[in-house]
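Next up, start12.cif (mmCIF, C-alpha atoms):
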```
data_upload
loop_
_atom_site.label_atom_id
_atom_site.label_comp_id
_atom_site.auth_asym_id
_atom_site.auth_seq_id
_atom_site.Cartn_x
_atom_site.Cartn_y
_atom_site.Cartn_z
CA MET N 601 46.60 236.30 -85.08
CA ALA N 602 49.17 238.95 -86.02
CA GLU N 603 50.25 239.27 -82.37
CA THR N 604 51.16 235.59 -82.03
CA PRO N 605 54.31 234.11 -83.56
CA LEU N 606 53.92 232.19 -86.79
CA VAL N 607 54.84 228.53 -86.49
CA SER N 608 56.01 226.69 -89.60
CA VAL N 609 55.05 223.00 -89.53
CA VAL N 610 57.31 220.96 -91.83
CA ILE N 611 55.93 217.57 -92.91
CA PRO N 612 58.16 215.49 -95.22
CA VAL N 613 56.05 213.06 -97.22
CA TYR N 614 57.28 209.96 -99.02
CA ASN N 615 54.83 207.13 -99.79
CA SER N 616 52.79 207.67 -96.62
CA ALA N 617 49.30 207.14 -98.02
CA PRO N 618 48.04 204.94 -95.12
CA PHE N 619 48.96 207.52 -92.46
CA VAL N 620 49.30 211.04 -93.85
CA ALA N 621 45.64 212.00 -93.51
CA ALA N 622 45.67 211.35 -89.76
CA THR N 623 48.94 213.27 -89.48
CA LEU N 624 47.56 216.30 -91.29
CA GLU N 625 44.26 216.17 -89.39
CA SER N 626 46.18 216.36 -86.12
CA VAL N 627 47.90 219.56 -87.30
CA LEU N 628 44.66 221.17 -88.46
CA ALA N 629 43.10 220.36 -85.07
CA GLN N 630 45.76 222.30 -83.14
CA THR N 631 44.45 224.81 -80.60
CA TYR N 632 47.24 227.13 -81.73
CA ARG N 633 46.04 228.48 -85.06
CA ASN N 634 48.78 230.75 -86.43
CA LEU N 635 50.43 228.05 -88.52
CA GLU N 636 51.78 227.56 -91.98
CA ILE N 637 51.86 223.91 -93.02
CA LEU N 638 54.65 222.98 -95.43
CA ILE N 639 54.14 219.56 -96.97
CA VAL N 640 57.33 218.50 -98.74
CA ASP N 641 56.66 215.92 -101.45
CA ASP N 642 59.94 214.00 -101.43
CA GLY N 643 59.28 212.21 -104.72
CA SER N 644 56.27 210.23 -103.49
CA GLN N 645 55.03 207.53 -105.83
CA ASP N 646 51.77 206.62 -104.09
CA LYS N 647 48.59 208.63 -103.34
CA SER N 648 50.09 210.58 -100.42
CA ILE N 649 50.13 213.96 -102.14
CA ALA N 650 46.69 213.48 -103.67
CA ILE N 651 45.40 212.85 -100.14
CA CYS N 652 47.08 216.05 -98.93
CA ARG N 653 45.54 218.04 -101.78
CA GLY N 654 42.13 216.91 -100.57
CA PHE N 655 42.46 219.11 -97.47
CA ASP N 656 40.99 222.58 -98.02
CA ASP N 657 42.98 224.91 -95.78
CA ALA N 658 44.73 228.09 -96.92
CA ARG N 659 47.59 227.46 -94.49
CA ILE N 660 48.77 224.42 -96.46
CA ARG N 661 51.55 224.70 -99.05
CA ILE N 662 52.85 221.70 -100.98
CA LEU N 663 56.48 221.74 -102.13
CA HIS N 664 57.74 219.20 -104.66
CA GLN N 665 61.24 217.78 -105.12
CA SER N 666 62.96 214.62 -106.29
CA ASN N 667 63.74 212.20 -103.49
CA ARG N 668 66.41 213.50 -101.09
CA GLY N 669 65.47 211.54 -97.98
CA LEU N 670 64.10 212.76 -94.67
CA ALA N 671 66.96 215.18 -94.00
CA GLY N 672 66.66 216.68 -97.48
CA ALA N 673 62.89 217.11 -97.20
CA ARG N 674 63.23 218.79 -93.80
CA ASN N 675 65.88 221.13 -95.21
CA THR N 676 63.58 222.14 -98.06
CA GLY N 677 60.72 222.82 -95.66
CA ILE N 678 62.93 224.87 -93.34
CA ARG N 679 64.30 226.92 -96.26
CA HIS N 680 60.74 227.85 -97.26
CA SER N 681 59.57 228.51 -93.71
CA ARG N 682 58.52 232.00 -92.61
CA GLY N 683 57.79 231.34 -88.94
CA CYS N 684 59.65 232.28 -85.76
CA PHE N 685 59.49 228.60 -84.81
CA VAL N 686 59.77 225.45 -86.93
CA ALA N 687 57.89 222.32 -85.86
CA LEU N 688 58.90 219.00 -87.42
CA LEU N 689 56.38 216.22 -87.96
CA ASP N 690 56.95 212.95 -89.81
CA SER N 691 54.10 211.92 -92.07
CA ASP N 692 53.10 208.85 -90.04
CA ASP N 693 53.09 210.46 -86.59
CA ILE N 694 50.35 212.40 -84.81
CA TRP N 695 50.19 215.41 -82.49
CA ARG N 696 47.86 215.96 -79.57
CA GLU N 697 45.79 219.09 -80.14
CA THR N 698 47.61 221.30 -77.58
CA LYS N 699 51.14 220.42 -78.74
CA VAL N 700 52.02 223.59 -80.66
CA GLU N 701 50.37 225.81 -78.05
CA ARG N 702 52.43 224.24 -75.27
CA HIS N 703 55.72 224.55 -77.17
CA VAL N 704 55.14 228.16 -78.17
CA ALA N 705 54.46 229.06 -74.54
CA HIS N 706 57.61 227.18 -73.53
CA LEU N 707 59.83 228.90 -76.09
CA GLU N 708 58.42 232.34 -75.36
CA ALA N 709 59.01 231.87 -71.64
CA ARG N 710 62.55 230.49 -72.07
CA GLU N 711 64.57 232.71 -74.40
CA SER N 712 67.70 230.57 -74.01
CA VAL N 713 65.94 227.42 -75.27
CA GLY N 714 66.44 226.69 -78.95
CA VAL N 715 65.07 223.12 -78.96
CA SER N 716 61.77 222.38 -77.23
CA PHE N 717 60.60 218.77 -77.25
CA SER N 718 58.03 216.59 -75.51
CA ASN N 719 57.62 213.05 -74.30
CA SER N 720 55.98 210.72 -76.84
CA GLU N 721 53.47 207.89 -76.68
CA PHE N 722 54.07 204.85 -78.87
CA ILE N 723 51.26 203.77 -81.18
CA ASP N 724 51.03 200.83 -83.58
CA GLU N 725 50.39 200.93 -87.32
CA SER N 726 46.63 201.12 -86.66
CA GLY N 727 47.01 204.09 -84.34
CA ARG N 728 46.38 202.13 -81.13
CA SER N 729 48.39 203.02 -78.05
CA LEU N 730 51.04 200.48 -77.06
CA GLY N 731 50.92 201.76 -73.48
CA LEU N 732 54.61 202.71 -73.60
CA TYR N 733 56.29 206.10 -73.79
CA GLN N 734 59.50 207.61 -75.09
CA MET N 735 60.84 209.60 -72.17
CA GLY N 736 64.12 211.19 -71.24
CA LYS N 737 65.81 213.91 -69.27
CA LEU N 738 63.89 217.18 -69.58
CA GLU N 739 66.22 219.85 -68.14
CA GLY N 740 69.93 220.53 -67.77
CA ILE N 741 70.65 218.64 -70.97
CA THR N 742 74.28 218.61 -72.11
CA ALA N 743 76.07 217.40 -75.23
CA ARG N 744 77.10 214.34 -73.23
CA ASP N 745 73.43 213.53 -72.52
CA ILE N 746 72.57 213.75 -76.20
CA PHE N 747 75.51 211.58 -77.22
CA LEU N 748 74.88 208.89 -74.61
CA ARG N 749 71.08 208.76 -74.42
CA ASN N 750 69.48 211.25 -76.87
CA PRO N 751 66.76 212.50 -74.48
CA VAL N 752 65.11 214.34 -77.38
CA GLY N 753 63.66 211.04 -78.63
CA ASN N 754 62.22 211.48 -82.13
CA GLY N 755 61.96 214.22 -84.75
CA SER N 756 58.19 214.62 -84.44
CA SER N 757 58.53 215.74 -80.82
CA ILE N 758 60.57 218.84 -81.75
CA VAL N 759 59.83 222.55 -82.10
CA LEU N 760 62.90 224.60 -83.05
CA ARG N 761 63.70 228.29 -82.86
CA LYS N 762 64.27 229.55 -86.42
CA ARG N 763 67.04 231.89 -85.27
CA MET N 764 68.96 228.88 -83.98
CA LEU N 765 68.53 227.02 -87.27
CA ASP N 766 69.95 230.00 -89.15
CA GLU N 767 72.95 229.89 -86.83
CA ILE N 768 73.83 226.25 -87.64
CA ALA N 769 73.09 226.46 -91.37
CA THR N 770 75.80 225.78 -93.93
CA VAL N 771 75.57 226.92 -97.53
CA ALA N 772 76.65 224.54 -100.27
CA THR N 773 75.88 223.67 -103.89
CA LEU N 774 74.89 220.02 -103.77
CA TYR N 775 72.27 220.27 -106.48
CA GLU N 776 71.72 223.03 -109.06
CA GLU N 777 72.31 226.15 -106.95
CA PRO N 778 73.59 227.19 -103.49
CA GLU N 779 71.24 226.25 -100.67
CA ALA N 780 71.19 226.39 -96.88
CA PHE N 781 71.50 223.03 -95.13
CA TYR N 782 70.53 222.31 -91.53
CA PHE N 783 70.38 218.50 -91.46
CA ASP N 784 73.17 216.55 -93.15
CA GLU N 785 71.63 215.04 -96.29
CA SER N 786 74.35 212.41 -96.59
CA PHE N 787 72.62 210.60 -93.70
CA ARG N 788 69.52 208.50 -94.28
CA GLN N 789 69.60 207.47 -90.61
CA SER N 790 70.98 209.23 -87.50
CA GLU N 791 70.31 212.60 -89.15
CA ASP N 792 68.34 213.76 -86.09
CA VAL N 793 70.90 213.08 -83.40
CA GLU N 794 73.75 214.31 -85.61
CA CYS N 795 71.99 217.68 -85.80
CA TRP N 796 71.10 217.80 -82.09
CA LEU N 797 74.68 217.03 -81.04
CA ARG N 798 76.05 219.61 -83.47
CA ILE N 799 73.75 222.22 -81.93
CA ALA N 800 74.83 221.25 -78.41
CA LEU N 801 78.54 221.31 -79.23
CA THR N 802 78.72 224.41 -81.44
CA THR N 803 76.09 226.81 -80.02
CA SER N 804 74.91 228.10 -76.65
CA TRP N 805 71.25 227.20 -77.25
CA GLN N 806 69.64 224.96 -74.65
CA PHE N 807 67.47 221.85 -74.98
CA GLU N 808 64.42 221.47 -72.73
CA GLY N 809 61.51 219.05 -72.74
CA LEU N 810 57.85 219.08 -71.73
CA PRO N 811 56.63 216.14 -69.62
CA GLU N 812 53.33 215.60 -71.40
CA PRO N 813 53.22 212.94 -74.17
CA LEU N 814 52.23 215.46 -76.84
CA THR N 815 53.48 213.34 -79.76
CA LEU N 816 52.10 209.97 -80.84
CA TYR N 817 55.03 208.12 -82.38
CA ARG N 818 54.13 205.32 -84.76
CA VAL N 819 56.16 202.12 -84.43
CA ASN N 820 56.76 200.14 -87.61
CA ALA N 821 56.27 196.48 -86.76
CA GLY N 822 58.27 195.41 -89.81
CA GLY N 823 61.98 196.01 -89.60
CA LEU N 824 64.68 193.51 -90.47
CA SER N 825 67.96 192.82 -88.74
CA ALA N 826 69.72 194.17 -91.83
CA ASN N 827 68.14 197.56 -91.09
CA LEU N 828 69.67 197.49 -87.61
CA ILE N 829 73.09 196.81 -89.12
CA LYS N 830 72.64 199.82 -91.39
CA GLN N 831 71.47 201.86 -88.42
CA TYR N 832 74.64 201.01 -86.52
CA SER N 833 76.79 201.85 -89.54
CA SER N 834 75.06 205.23 -89.81
CA TRP N 835 75.64 205.88 -86.10
CA GLU N 836 79.35 205.21 -86.55
CA ARG N 837 79.43 207.63 -89.49
CA TYR N 838 77.84 210.35 -87.38
CA VAL N 839 80.44 209.73 -84.67
CA GLU N 840 83.21 210.07 -87.26
CA LYS N 841 81.76 213.36 -88.49
CA THR N 842 81.47 214.75 -84.96
CA ALA N 843 85.08 213.77 -84.25
CA THR N 844 86.24 216.09 -87.05
CA TYR N 845 85.22 219.17 -85.02
CA ALA N 846 85.02 217.82 -81.43
CA PRO N 847 87.75 215.14 -81.18
CA ASP N 848 88.31 215.48 -77.42
CA PHE N 849 84.60 215.13 -76.71
CA ILE N 850 84.33 211.95 -78.78
CA ARG N 851 87.51 210.49 -77.30
CA THR N 852 86.16 211.05 -73.78
CA HIS N 853 82.73 209.51 -74.28
CA ILE N 854 82.92 207.10 -77.22
CA ARG N 855 83.23 203.76 -75.39
CA ARG N 856 80.27 204.39 -73.13
CA ALA N 857 78.18 205.87 -75.94
CA ARG N 858 78.93 202.92 -78.23
CA GLY N 859 78.04 200.46 -75.47
CA TYR N 860 74.72 202.19 -74.84
CA TYR N 861 73.91 202.29 -78.54
CA LEU N 862 74.73 198.61 -79.06
CA ARG N 863 72.54 197.80 -76.06
CA TYR N 864 69.72 199.83 -77.64
CA LEU N 865 70.09 197.85 -80.88
CA ALA N 866 69.95 194.62 -78.84
CA ARG N 867 66.60 195.77 -77.42
CA ARG N 868 65.35 196.65 -80.91
CA ALA N 869 66.37 193.25 -82.27
CA THR N 870 64.70 191.54 -79.31
CA SER N 871 61.42 193.37 -79.93
CA GLN N 872 61.60 192.23 -83.57
CA GLY N 873 62.18 188.62 -82.47
CA ASN N 874 65.62 188.49 -84.12
CA ARG N 875 67.45 186.15 -81.74
CA ARG N 876 70.89 186.03 -83.36
CA THR N 877 70.99 189.75 -83.97
CA ALA N 878 69.86 190.54 -80.42
CA LEU N 879 72.56 188.31 -78.94
CA HIS N 880 75.19 189.74 -81.28
CA PHE N 881 74.47 193.33 -80.24
CA LEU N 882 74.26 192.47 -76.54
CA VAL N 883 77.65 190.71 -76.60
CA GLN N 884 79.17 193.59 -78.55
CA ALA N 885 77.76 196.12 -76.05
CA LEU N 886 79.30 194.31 -73.07
CA ARG N 887 82.62 193.79 -74.84
CA THR N 888 82.80 197.41 -75.89
CA SER N 889 81.89 198.90 -72.53
CA PRO N 890 81.64 196.38 -69.66
CA LEU N 891 81.16 199.28 -67.26
CA ILE N 892 77.58 199.81 -68.47
CA LEU N 893 76.74 197.01 -66.02
CA LEU N 894 77.81 199.37 -63.23
CA GLN N 895 76.83 202.68 -64.83
CA ASP N 896 73.29 201.61 -65.75
CA PRO N 897 72.74 198.17 -64.17
CA LEU N 898 68.94 198.01 -64.28
CA ARG N 899 68.51 198.69 -67.99
CA THR N 900 71.51 196.56 -68.92
CA LEU N 901 70.28 193.57 -66.89
CA VAL N 902 66.73 193.95 -68.20
CA THR N 903 68.06 193.97 -71.77
CA ALA N 904 70.22 190.91 -71.09
CA GLY N 905 67.28 189.11 -69.49
CA ALA N 906 65.06 189.86 -72.47
CA VAL N 907 67.66 188.61 -74.95
CA LEU N 908 68.29 185.39 -73.00
CA SER N 909 64.55 184.79 -72.57
CA LEU N 910 64.06 185.18 -76.32
CA LEU N 911 66.82 182.62 -76.89
CA VAL N 912 65.61 179.88 -74.52
CA LEU N 913 61.84 180.26 -74.14
CA PRO N 914 59.14 179.10 -76.55
CA ARG N 915 58.00 182.04 -78.64
CA ALA N 916 54.46 182.11 -77.21
CA LEU N 917 55.69 182.11 -73.60
CA TYR N 918 58.22 184.82 -74.37
CA ARG N 919 55.52 187.03 -75.89
CA ARG N 920 53.34 186.64 -72.76
CA LEU N 921 56.26 187.64 -70.54
CA GLU N 922 57.04 190.54 -72.83
CA ALA N 923 53.44 191.79 -72.66
CA THR N 924 53.53 191.63 -68.85
CA ALA N 925 56.83 193.52 -68.73
CA MET N 926 55.53 196.18 -71.15
CA ALA N 927 52.40 196.70 -69.06
CA PHE N 928 54.51 197.12 -65.91
CA THR N 929 56.85 199.56 -67.67
CA GLY N 930 53.94 201.59 -69.03
CA ARG N 931 52.40 201.95 -65.57
CA SER N 932 55.75 203.08 -64.14
CA GLN N 933 56.18 205.61 -66.95
CA ARG N 934 52.69 207.06 -66.44
CA ARG N 935 53.34 207.50 -62.73
CA ARG N 936 56.62 209.28 -63.48
CA MET N 937 54.97 211.57 -66.06
CA ALA N 938 52.20 212.41 -63.60
CA ARG N 939 54.82 213.50 -61.07
CA GLU N 940 56.72 215.53 -63.67
CA CYS N 941 53.55 217.22 -64.95
CA ALA N 942 52.52 218.09 -61.38
CA ALA N 943 55.96 219.53 -60.69
CA ALA N 944 55.85 221.61 -63.88
CA ALA N 945 52.35 222.98 -63.21
#
```
As structure tokens - that is how I would like this structure written.
Amino acid sequence: MAETPLVSVVIPVYNSAPFVAATLESVLAQTYRNLEILIVDDGSQDKSIAICRGFDDARIRILHQSNRGLAGARNTGIRHSRGCFVALLDSDDIWRETKVERHVAHLEARESVGVSFSNSEFIDESGRSLGLYQMGKLEGITARDIFLRNPVGNGSSIVLRKRMLDEIATVATLYEEPEAFYFDESFRQSEDVECWLRIALTTSWQFEGLPEPLTLYRVNAGGLSANLIKQYSSWERYVEKTATYAPDFIRTHIRRARGYYLRYLARRATSQGNRRTALHFLVQALRTSPLILLQDPLRTLVTAGAVLSLLVLPRALYRRLEATAMAFTGRSQRRRMARECAAAA
């Protein structure tokens, strides 16, 4: 145990009673055992923390604070971490049992990598696989890649080198005393990608991904169009912040990045069945950056087809077509992952 690096698992918890037990069980089942598990109670008002207290494992520590949001809870966990590596896990997501082991091996073998991530498998609120995966570029990742496509995916797929986090930390007195901040707590959305892009633009640390779907990422079937509007507003705020220290970078890539992000929001609205919102974001994407039709024709045309089908088809027929398309996409993704895993072996 003493010869292996300590990994600090940071789990922010806020009103996650239906899911947090499964999340914590997946950490305790890890094949890599040299862990400390930092559960950050971000002002929970349900039974989440009582559920966490029911687990009898000396590696678990529970930290309490008033609500600061996901970024603030992650910051608190990182500040209290003692490991060489910090693994982030949201309290409704799940890890496969070899996840930490695979990332530690990756980071030990690749000294220049500061951010190790994996592909993710989507699950529903009951924990059932949706047969779809969150996948992106795994190597040679640049700041441009992160800004345009965010290949990292989601926060629960990440294991970070602590030395890198210390390098990007800022010290400020936002509450009662000076503290180190890694994620920007003024963001309640887009806090992940803001941090990843800041790392890519201001440090020499590299991002690399593992092809296996080692994270099970839970999709919330709720979601309102108003949330997508807020999400877009938060994205624009993160762009404005980045422009304060990398204006040339933003100026070069902003139109294409904004077009891609609006197209992503159109897909999100379509999956939620929000016809007007989906059409609004699609039109805005094409107006903002018409060249996305040439730069990424397949995904743009598929998104447009989905939006138009949602508009004109009866809801039941649309859902059948959507299920067929999802099944086809899932099979294609599994074939690609199989090739990538074979190449990495």
Could you list as a PyMOL selection string every residue that has an atom within 12 Å of (61.0, 230.2, -75.5), using the file's coordinates and counting only C-alpha atoms? chain N and resi 605+684-685+701-717+759-764+805-809
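With the shown file loaded, the PyMOL selection byres ((chain N and resi 933-943) around 7) picks out Tyr733, Pro811, Glu812, Thr929, Gly930, Arg931, Ser932, Ala944 and Ala945 of chain N.
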Counting all atoms listed in the file, what is within 9 Å of Asp642 in chain N, bar same-chain residues fewer than 4 positions away, as a list in words?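 Once the adjacent positions are removed, what remains is Pro612, Val613, Tyr614, Asn615, Leu663, His664, Gln665, Ser666, Asn667, Arg668, Gly669, Leu670, Gly672 and Ala673 of chain N.
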Quick check on the file I pasted: which residues fall under the PyMOL selection byres ((chain N and resi 794) around 8)? Write them as a PyMOL selection string. chain N and resi 783-784+790-793+795-798+838+842
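Distances from N:Gly643, N:Leu635, N:Phe787, N:Ser804 to Val839 in chain N were compared using all atoms listed in the file, and the smallest one belongs to N:Phe787.
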With only C-alpha atoms as the basis for distance, which of N:Arg696, N:Arg855, N:Arg728, N:Arg837 is at the shortest distance from Arg887 in chain N?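 Going through N:Arg696, N:Arg855, N:Arg728, N:Arg837 one by one, the smallest distance to Arg887 in chain N is for N:Arg855.
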